[in-house]
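**Student:** Encoded as structure tokens, here's the structure I'll be asking about.
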There are 2 protein chains.
Amino acid sequence: MGKDSKIHNDELYAMRHSLAHIMASAVISLWPEAKLGVGPVIENGFYYDIDLKDKTISEDDFSRIQAEMKKIIKENQPFEHSEESIDAGIAWAKKTKQPYKEELLNDLKREGTTLASELDASMMGLPAGISGATSAKAEVGKVSFYKNGDFIDLCRGPHVESTGKVGAFKLTRVAGAYWRGNEKNPQMQRLYGVAFATKEELNKYLQLLEEAKKRDHRKLGKELDLFVISDLVGSGLPLFTPKGAVLRKQLVDFSEELQENNGYQRVFIPHITKEELYKKSGHWDKFGDELFLVKSQETSDKFVLKPMNCPHHIQIYASNPRSYKDLPIRYMESTVQYRDEKSGELHGLSRVRAISIDDSHGFWTEEDIVIESKAVIQMVKDMYKALGMEFYARLSYRDDSEGYLGDKKLWQTAESILAATAESEKLDFIEERGEAAFYGPKIDFMVKDSLGREWQCATIQLDFVQPQRFELSYVDSNGAEKRPVMIHKALLGSLERFLSVYIEHTAGRFPVWLAPEQMRIITVNQEKNTTDFAADILSKAKEMGIRAQIDNDNESVGKKIRKAEVLKVPYTLVIGEKEIESGTTVPRIRADIVVQDGSKPHKIEEFLKTVSNEAKSRVTKTSL
Amino acid sequence: MGKDSKIHNDELYAMRHSLAHIMASAVISLWPEAKLGVGPVIENGFYYDIDLKDKTISEDDFSRIQAEMKKIIKENQPFEHSEESIDAGIAWAKKTKQPYKEELLNDLKREGTTLASELDASMMGLPAGISGATSAKAEVGKVSFYKNGDFIDLCRGPHVESTGKVGAFKLTRVAGAYWRGNEKNPQMQRLYGVAFATKEELNKYLQLLEEAKKRDHRKLGKELDLFVISDLVGSGLPLFTPKGAVLRKQLVDFSEELQENNGYQRVFIPHITKEELYKKSGHWDKFGDELFLVKSQETSDKFVLKPMNCPHHIQIYASNPRSYKDLPIRYMESTVQYRDEKSGELHGLSRVRAISIDDSHGFWTEEDIVIESKAVIQMVKDMYKALGMEFYARLSYRDDSEGYLGDKKLWQTAESILAATAESEKLDFIEERGEAAFYGPKIDFMVKDSLGREWQCATIQLDFVQPQRFELSYVDSNGAEKRPVMIHKALLGSLERFLSVYIEHTAGRFPVWLAPEQMRIITVNQEKNTTDFAADILSKAKEMGIRAQIDNDNESVGKKIRKAEVLKVPYTLVIGEKEIESGTTVPRIRADIVVQDGSKPHKIEEFLKTVSNEAKSRVTKTSL
């Protein structure tokens, strides 16, 4: 959210928004019949929805449009602001033959703010005239316009002073988009651009885009044979190959090891459950259409694929009376929750229908919050250190608005404990009021990848509401019945989404502890003493727990080395006469791995030990 | 099946069946208005379905009925056989006012053999007159009767010579049952008895029944806090507590370890999948009403909860071209498959709706069958040795009937390989023709529990059909395209069902490697040096991987020991002054565990090492 508000408020926002106007006016001057939809600012740039009837804009048109935009920029036209009544606005739209603007203004006249906020939510920004008309800043019943050159657009602003002050930009792509996101409406062409304050920043971003394309986890997933999307199984339902399953298992094992060391206990719950549970928990209302309904043909029971695991873990807690001596109780489970996403929203591992999560639920007394939160923060640190990723924390608190449930004093206590703990644990953190969940304050851990992108992964959320709904209790040391605080926590979060991030973060160059294949042994020939020697190394490596393989194919060593490189195997041992005689090797080390004495010969057994230790200690030696 | 056919053929069968007649005639003499349904032999005994209109038989009536039966037995009435035409049979039924018999005979007259086999299948035996009428032994168009005293019943036999020769019996229970299993039909009372050749055998069986009741896994599951059935989640959908989850994890880890050592690789698949996959695999037709259908609210895709895992693992195999050098490929996954059971059929962990399974699928060349089957047999041996259970193998082959798919020569080869392997691996095995799956021969491993019951757990099944349906292939060393053989294998099978068996087999006295809590440390007082010493033992135990707990409650030592006994904790250390001074302990050892020098003092650290080694080596020292 921090990022979002930044986009909306600062100078860069004004530049990007001004560029949307400039692009629209360029399109109008090239194709005067163009009908304009909305043109908001988005992350890293802007777009405009345009209806051009028979003309389809292609990338071939980009240079013409850009040339026209540059002309406007060179003219340094001032952006002039004015306000009109809605009716005057409608008359303007009629006169200029802009039916989409006219429709927006008519809706605004009829429905007022409701429409505006609906549009705001569904379109990530909109011609600001609309919400401007209903915002505190503009006069009620009025809409605001901006004009540059001959081009006038319904718009709240803000804009830069004049078209010369828009920084550097580039048109990037064009895609189909239904007017107002509704497939019953006409299809328009959405023209995208990216923009930054300086040429250097733009170029850096374009390079990142290029790099991100190369690292696309869907592409790498195929090249490295990590997962499979099958038409017969369905999209959003990836199947993990043996190599992908190694990644999953290593991650989950580490997460569970961290948790086990902190007193978390495994539990196991079914993936389907009667509707009643979610009606009681509130998830039935919350998830609505996103629930997968399960029809039993044999019974009248109505089931749902679980959208969350908390109500189930609550059933286990509630199955026995609990005493303060039992608390904190900490259940963990790496399991799957389901979200019925629209097909169009599915994307590789980033957005799936079956979401694996290293979930956990704690039942704490109020007194436990300090020490338990501390433990969680330490686990998050350990996890992302092993992964070689940096993060900062976002502490999300309530504000004074309605809708937050639970005792206000408990909120305050909890919030100040979270802040104090973040402080004492030396977290890099920000605090945001009004960002809490309705059921309690939380810390979201924002992980930064090597392309500078930020992802919310780990989370710890206090929940004052579900213990109440399910009437959970424990008996305190005075024999009084008390309500425990419930805590939702994940270290990796969605495993699929984390993998999509991590594959792109590392470009598939996984640290040794995660690499599906950690070592490859390449024979220079197929003679018996070579293959025997290689087999001996393999069995020693396996004994040490190294995931190793032999390539004894009848191919050139060069080709075999390239195969290992394509698969980004961290260590490759080439075995020929010299190695057999000396019992030493100069290992081939993946370029990103920083190793001292990498180019010197190592006793083979010593080297195996080094690799085994590197894996066991889960260090990330890569420089990405 | 071996057992079943035994029931049907031998002397004991005739005794039990004769007792069904004797019970029916006793009921008729007590309540002459009784209408009789069917009265087959079942495992360990017999039952008869009786319609008594307003009279409800209760256990209080058992002594009267048994007294009447004993009278008949004492009279030693001969069983007399006769044959009549179907019409004469119908006339008899009318005359004796036995409408159910009349209905059966009318159906038989109308539909012939079809009806007979339908009944045979649905009722596990039926008044044998019916199928007798259509069997080779009886004349076509005739039905057979047996008479003892004044009582005549439609029946194929065989019977014992006279009512005096029926061995020992006891009525055990009465339950409601719909006529012909159809809930639209009248409800009858099903009166059950058990019967054996001798009084001794009967008593032994009754003791076993009593013991089985004590060991009921649902009862023990609650007492030992292993799993929870929640009304809000639904029946057939158990949730596993931390203790139950330890059992699951230990079992699955061992299964996967055995498999990993034999080259099996983990994969991971989603639990929901498009219908299309199962239509292609054939499971759509096979499972029909037992499939859970999943309704997406967001897309038009139709999903199903997976009834089997094979088609998914096939998708992974099929995602890349395979060469003979890659084979055998062995995928393993401990995952869940779903069966939409009728609510009435659900029973604790024995029969559930979400079935966890340590599943695996191999893709082998024909040449792999020998060595790979051998490896599987060895895994099964290792598994059940660690569990302290004996088993025998049932080799199931095809016969000459229709319906078996795949190349006949391949079947023959595979069957003789399975037999030779069972022989060379010194398996205790039986061979049964006509018991194979339609898609290939198999070995089912029948595990015997401590109550003498047999359970099919592990299995290895060859499959010639699915590789064909999915057009799987590999390239052999000559570059020719070949079809792999697919192998379904499980070591534990349904984890829930296995646990239900194992909890009852051990009465919850799990071997140390499986025990959720392996050691309990009991303090004799709450003084600092005692609690410190106990805490030190706990931390040493935990370091060695022992699942240990301290009971430092302010209660008597006796009470604390009893608590540990109720939870069937294998080892308990009582820590008082003597232990602190000497650093030694005389551990309390669960009665069933056979330990040398159990009653001598042990150095505490030495003892911890012993326990840790016992757990790690997965020995079962219990004598059940």
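Going through the structure tokens in order, the chains are called A, B, and so on, while each chain numbers its residues from 1 and the ligands are numbered from 1 in the order shown.
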Could you give me, as a ChimeraX atom specification, the residues within 12 Å of A:Asp399, counting only C-alpha atoms and dropping anything in the same chain fewer than 6 positions from it?

**Tutor:** /A:405,408,411-412,415,431-438,440-441

**Student:** Would you put the residues from that selection into a file with N, CA and C atoms, as a CSV table (one decimal), in the first residue's frame?

**Tutor:**
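Contents of out26.csv, freshly written:
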```
chain,number,residue,atom,x,y,z
A,405,LEU,N,-13.0,-5.6,14.9
A,405,LEU,CA,-13.7,-6.4,15.9
A,405,LEU,C,-12.7,-6.7,17.0
A,408,LYS,N,-10.8,-3.1,22.2
A,408,LYS,CA,-9.9,-2.1,21.8
A,408,LYS,C,-8.6,-2.0,22.6
A,411,TRP,N,-6.3,-4.6,21.4
A,411,TRP,CA,-5.6,-4.1,20.1
A,411,TRP,C,-4.4,-3.3,20.5
A,412,GLN,N,-4.7,-2.3,21.4
A,412,GLN,CA,-3.6,-1.4,21.7
A,412,GLN,C,-2.4,-2.1,22.3
A,415,GLU,N,-0.7,-4.1,19.5
A,415,GLU,CA,0.1,-3.3,18.6
A,415,GLU,C,1.4,-2.8,19.2
A,431,GLU,N,5.3,1.3,9.8
A,431,GLU,CA,4.1,1.1,10.5
A,431,GLU,C,3.0,1.7,9.6
A,432,GLU,N,1.8,1.0,9.5
A,432,GLU,CA,0.7,1.6,8.7
A,432,GLU,C,-0.6,1.5,9.5
A,433,ARG,N,-1.2,2.6,9.8
A,433,ARG,CA,-2.5,2.6,10.4
A,433,ARG,C,-3.6,2.3,9.4
A,434,GLY,N,-4.6,1.6,9.7
A,434,GLY,CA,-5.7,1.3,8.8
A,434,GLY,C,-5.4,0.1,7.9
A,435,GLU,N,-4.3,-0.6,8.1
A,435,GLU,CA,-4.0,-1.7,7.2
A,435,GLU,C,-4.1,-3.0,7.9
A,436,ALA,N,-4.6,-3.0,9.1
A,436,ALA,CA,-4.8,-4.3,9.9
A,436,ALA,C,-6.0,-5.1,9.2
A,437,ALA,N,-6.0,-6.4,9.5
A,437,ALA,CA,-7.2,-7.1,9.2
A,437,ALA,C,-8.3,-6.8,10.2
A,438,PHE,N,-9.5,-7.0,9.9
A,438,PHE,CA,-10.6,-6.6,10.8
A,438,PHE,C,-10.5,-7.4,12.1
A,440,GLY,N,-7.6,-8.3,13.7
A,440,GLY,CA,-6.4,-8.1,14.5
A,440,GLY,C,-5.3,-7.5,13.8
A,441,PRO,N,-4.3,-7.0,14.5
A,441,PRO,CA,-3.1,-6.4,13.9
A,441,PRO,C,-2.2,-7.5,13.3
```

**Student:** Write out as a CSV table (one decimal) with N, CA, C and O atoms, in the first residue's frame each polymer residue whose atoms come within 9 Å of B:Gln297, counting only C-alpha atoms; drop sequence neighbours fewer than 3 positions from it.

**Tutor:**
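File produced: around.csv:
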```csv
chain,number,residue,atom,x,y,z
A,289,ASP,N,-18.0,-16.5,-4.0
A,289,ASP,CA,-17.8,-17.2,-5.3
A,289,ASP,C,-16.5,-17.9,-5.4
A,289,ASP,O,-16.3,-18.6,-6.4
A,290,GLU,N,-15.5,-17.5,-4.6
A,290,GLU,CA,-14.2,-18.1,-4.7
A,290,GLU,C,-14.1,-19.5,-4.1
A,290,GLU,O,-13.1,-20.1,-4.1
A,291,LEU,N,-15.2,-20.0,-3.5
A,291,LEU,CA,-15.2,-21.3,-2.9
A,291,LEU,C,-15.5,-22.4,-3.9
A,291,LEU,O,-16.4,-22.2,-4.8
A,292,PHE,N,-14.8,-23.4,-3.9
A,292,PHE,CA,-15.1,-24.6,-4.7
A,292,PHE,C,-16.1,-25.4,-3.9
A,292,PHE,O,-15.8,-25.9,-2.8
A,293,LEU,N,-17.3,-25.6,-4.5
A,293,LEU,CA,-18.3,-26.4,-3.8
A,293,LEU,C,-18.2,-27.9,-4.2
A,293,LEU,O,-18.0,-28.2,-5.4
A,340,ASP,N,-11.1,-20.5,-6.0
A,340,ASP,CA,-11.6,-20.6,-7.3
A,340,ASP,C,-11.3,-19.4,-8.1
A,340,ASP,O,-12.2,-18.5,-8.3
A,342,LYS,N,-10.6,-17.0,-11.4
A,342,LYS,CA,-11.1,-16.9,-12.8
A,342,LYS,C,-9.9,-17.4,-13.7
A,342,LYS,O,-8.7,-17.1,-13.4
B,300,SER,N,-16.2,-22.5,-16.2
B,300,SER,CA,-17.0,-23.6,-16.6
B,300,SER,C,-16.3,-24.9,-16.5
B,300,SER,O,-16.9,-26.0,-16.9
```

**Student:** Could you name the residues that touch B:Lys165 at 8 Å or less, counting only C-alpha atoms, but leaving out those on the same chain fewer than 2 positions away, as a list in words?

**Tutor:**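 Those residues are Met15, Ile73, Asn76, Val160, Glu161, Ser162, Thr163 and Gly167 of chain B.
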
**Student:** Enumerate as JSON, numbers by chain the residues belonging to chain B that approach chain A to within 7 Å, with only C-alpha atoms taken into account.

**Tutor:** {"B": [228, 230, 232, 233, 234, 237, 239, 240, 241, 242, 245, 265, 266, 267, 268, 269, 270, 273, 274, 276, 277, 289, 290, 292, 293, 294, 295, 296, 297, 298, 299, 315, 316, 319, 340, 341, 342, 343, 354]}

**Student:** State, in Å with one decimal place, the distance from atom CA of B:Gly221 to atom CA of A:Pro484.

**Tutor:** 25.8 Å

**Student:** Could you please write out, as a ChimeraX atom specification, every residue of stretch 398-504 of chain B that DSSP assigns to strand (DSSP E)?

**Tutor:** /B:429-433,442-448,454-463,474-475,481-482,485-494

**Student:** Would you mind reading off the distance between atom CA of B:Val370 and atom CA of B:Ile417, one decimal, in Å?

**Tutor:**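 Between atom CA of B:Val370 and atom CA of B:Ile417 the gap is 6.2 Å.
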
**Student:** List the neighbours of A:Pro32 out to 12 Å using only C-alpha atoms; skip same-chain residues closer than 5 positions along the sequence, and give me the result as a PDB file with N, CA, C and O atoms, in the first residue's frame.

**Tutor:**
```
ATOM      1  N   ALA A  24      -3.050  10.056 -25.460  1.00  0.00           N
ATOM      2  CA  ALA A  24      -4.414  10.146 -25.998  1.00  0.00           C
ATOM      3  C   ALA A  24      -4.495  11.230 -27.063  1.00  0.00           C
ATOM      4  O   ALA A  24      -5.100  11.038 -28.136  1.00  0.00           O
ATOM      5  N   SER A  25      -3.870  12.368 -26.798  1.00  0.00           N
ATOM      6  CA  SER A  25      -3.961  13.443 -27.798  1.00  0.00           C
ATOM      7  C   SER A  25      -3.190  13.082 -29.058  1.00  0.00           C
ATOM      8  O   SER A  25      -3.609  13.424 -30.170  1.00  0.00           O
ATOM      9  N   ALA A  26      -2.084  12.319 -28.913  1.00  0.00           N
ATOM     10  CA  ALA A  26      -1.344  11.850 -30.089  1.00  0.00           C
ATOM     11  C   ALA A  26      -2.214  10.903 -30.907  1.00  0.00           C
ATOM     12  O   ALA A  26      -2.281  10.992 -32.142  1.00  0.00           O
ATOM     13  N   VAL A  27      -2.923  10.004 -30.219  1.00  0.00           N
ATOM     14  CA  VAL A  27      -3.787   9.046 -30.921  1.00  0.00           C
ATOM     15  C   VAL A  27      -4.899   9.788 -31.653  1.00  0.00           C
ATOM     16  O   VAL A  27      -5.205   9.504 -32.817  1.00  0.00           O
ATOM     17  N   ILE A  50      -8.722   2.730 -25.642  1.00  0.00           N
ATOM     18  CA  ILE A  50      -9.107   3.470 -26.842  1.00  0.00           C
ATOM     19  C   ILE A  50      -9.975   2.586 -27.733  1.00  0.00           C
ATOM     20  O   ILE A  50      -9.671   1.412 -27.925  1.00  0.00           O
ATOM     21  N   ASP A  51     -11.056   3.168 -28.259  1.00  0.00           N
ATOM     22  CA  ASP A  51     -11.899   2.447 -29.211  1.00  0.00           C
ATOM     23  C   ASP A  51     -11.629   3.041 -30.596  1.00  0.00           C
ATOM     24  O   ASP A  51     -11.917   4.200 -30.840  1.00  0.00           O
ATOM     25  N   LEU A  52     -11.032   2.220 -31.466  1.00  0.00           N
ATOM     26  CA  LEU A  52     -10.654   2.718 -32.801  1.00  0.00           C
ATOM     27  C   LEU A  52     -11.440   2.010 -33.896  1.00  0.00           C
ATOM     28  O   LEU A  52     -10.988   1.956 -35.043  1.00  0.00           O
ATOM     29  N   LYS A  53     -12.568   1.406 -33.514  1.00  0.00           N
ATOM     30  CA  LYS A  53     -13.414   0.656 -34.469  1.00  0.00           C
ATOM     31  C   LYS A  53     -12.584  -0.333 -35.293  1.00  0.00           C
ATOM     32  O   LYS A  53     -12.137  -1.322 -34.751  1.00  0.00           O
ATOM     33  N   LYS A  55      -9.639   0.004 -36.910  1.00  0.00           N
ATOM     34  CA  LYS A  55      -8.175   0.072 -36.862  1.00  0.00           C
ATOM     35  C   LYS A  55      -7.643  -0.682 -35.649  1.00  0.00           C
ATOM     36  O   LYS A  55      -8.057  -0.418 -34.508  1.00  0.00           O
ATOM     37  N   THR A  96     -17.893  16.616 -28.629  1.00  0.00           N
ATOM     38  CA  THR A  96     -16.622  16.050 -29.104  1.00  0.00           C
ATOM     39  C   THR A  96     -16.774  14.581 -29.510  1.00  0.00           C
ATOM     40  O   THR A  96     -15.797  13.919 -29.842  1.00  0.00           O
ATOM     41  N   LYS A  97     -18.012  14.071 -29.462  1.00  0.00           N
ATOM     42  CA  LYS A  97     -18.281  12.677 -29.853  1.00  0.00           C
ATOM     43  C   LYS A  97     -17.422  11.695 -29.070  1.00  0.00           C
ATOM     44  O   LYS A  97     -16.694  10.898 -29.662  1.00  0.00           O
ATOM     45  N   GLN A  98     -17.507  11.843 -27.759  1.00  0.00           N
ATOM     46  CA  GLN A  98     -16.802  10.912 -26.860  1.00  0.00           C
ATOM     47  C   GLN A  98     -17.849  10.185 -26.013  1.00  0.00           C
ATOM     48  O   GLN A  98     -18.115  10.547 -24.867  1.00  0.00           O
ATOM     49  N   PHE A 151      -6.229  19.473 -26.950  1.00  0.00           N
ATOM     50  CA  PHE A 151      -6.814  18.280 -26.331  1.00  0.00           C
ATOM     51  C   PHE A 151      -7.348  18.575 -24.931  1.00  0.00           C
ATOM     52  O   PHE A 151      -6.645  19.083 -24.066  1.00  0.00           O
TER      53      PHE A 151
END
```

**Student:** List as a list in words the protein and nucleic acid residues near stretch 476-478 of chain B, meaning an atom at most 8 Å away when only C-alpha atoms are counted, but skip any in the same chain fewer than 4 places from it.

**Tutor:**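 Once the nearby chain positions are removed, what remains is Ser323, Tyr324 and Lys482 of chain B.
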
**Student:** Kindly give the distance, in Å, that separates atom CA of A:Glu84 and atom CA of A:Phe145, rounded to a single decimal.

**Tutor:**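 A separation of 7.8 Å between them.
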
**Student:** Check the smallest atom-to-atom distance from each of B:Val524, B:Ile371, B:Leu247, B:Leu472 to B:Leu387 using only C-alpha atoms, then report the winner.

**Tutor:**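 Distance minimum relative to B:Leu387 lands on B:Leu247.
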
**Student:** Name the residues of stretch 289-517 of chain A that fall into alpha helix (DSSP H) according to DSSP on the backbone, using the chain letters and numbers of this document, as a ChimeraX atom specification.

**Tutor:** /A:310-317,369-386,408-424,466-469,495-506

**Student:** Show which residues sit within 12 Å of B:Arg64, as a ChimeraX atom specification. Count only C-alpha atoms, and ignore same-chain residues fewer than 2 positions away.

**Tutor:** /B:23,26-27,29-31,57-62,66-71,171

**Student:** Report as a PyMOL selection string all protein, DNA and RNA residues lying within 6 Å of B:Ile521, evaluated on only C-alpha atoms, omitting residues in the same chain fewer than 4 positions from it.

**Tutor:** chain B and resi 550+572-573
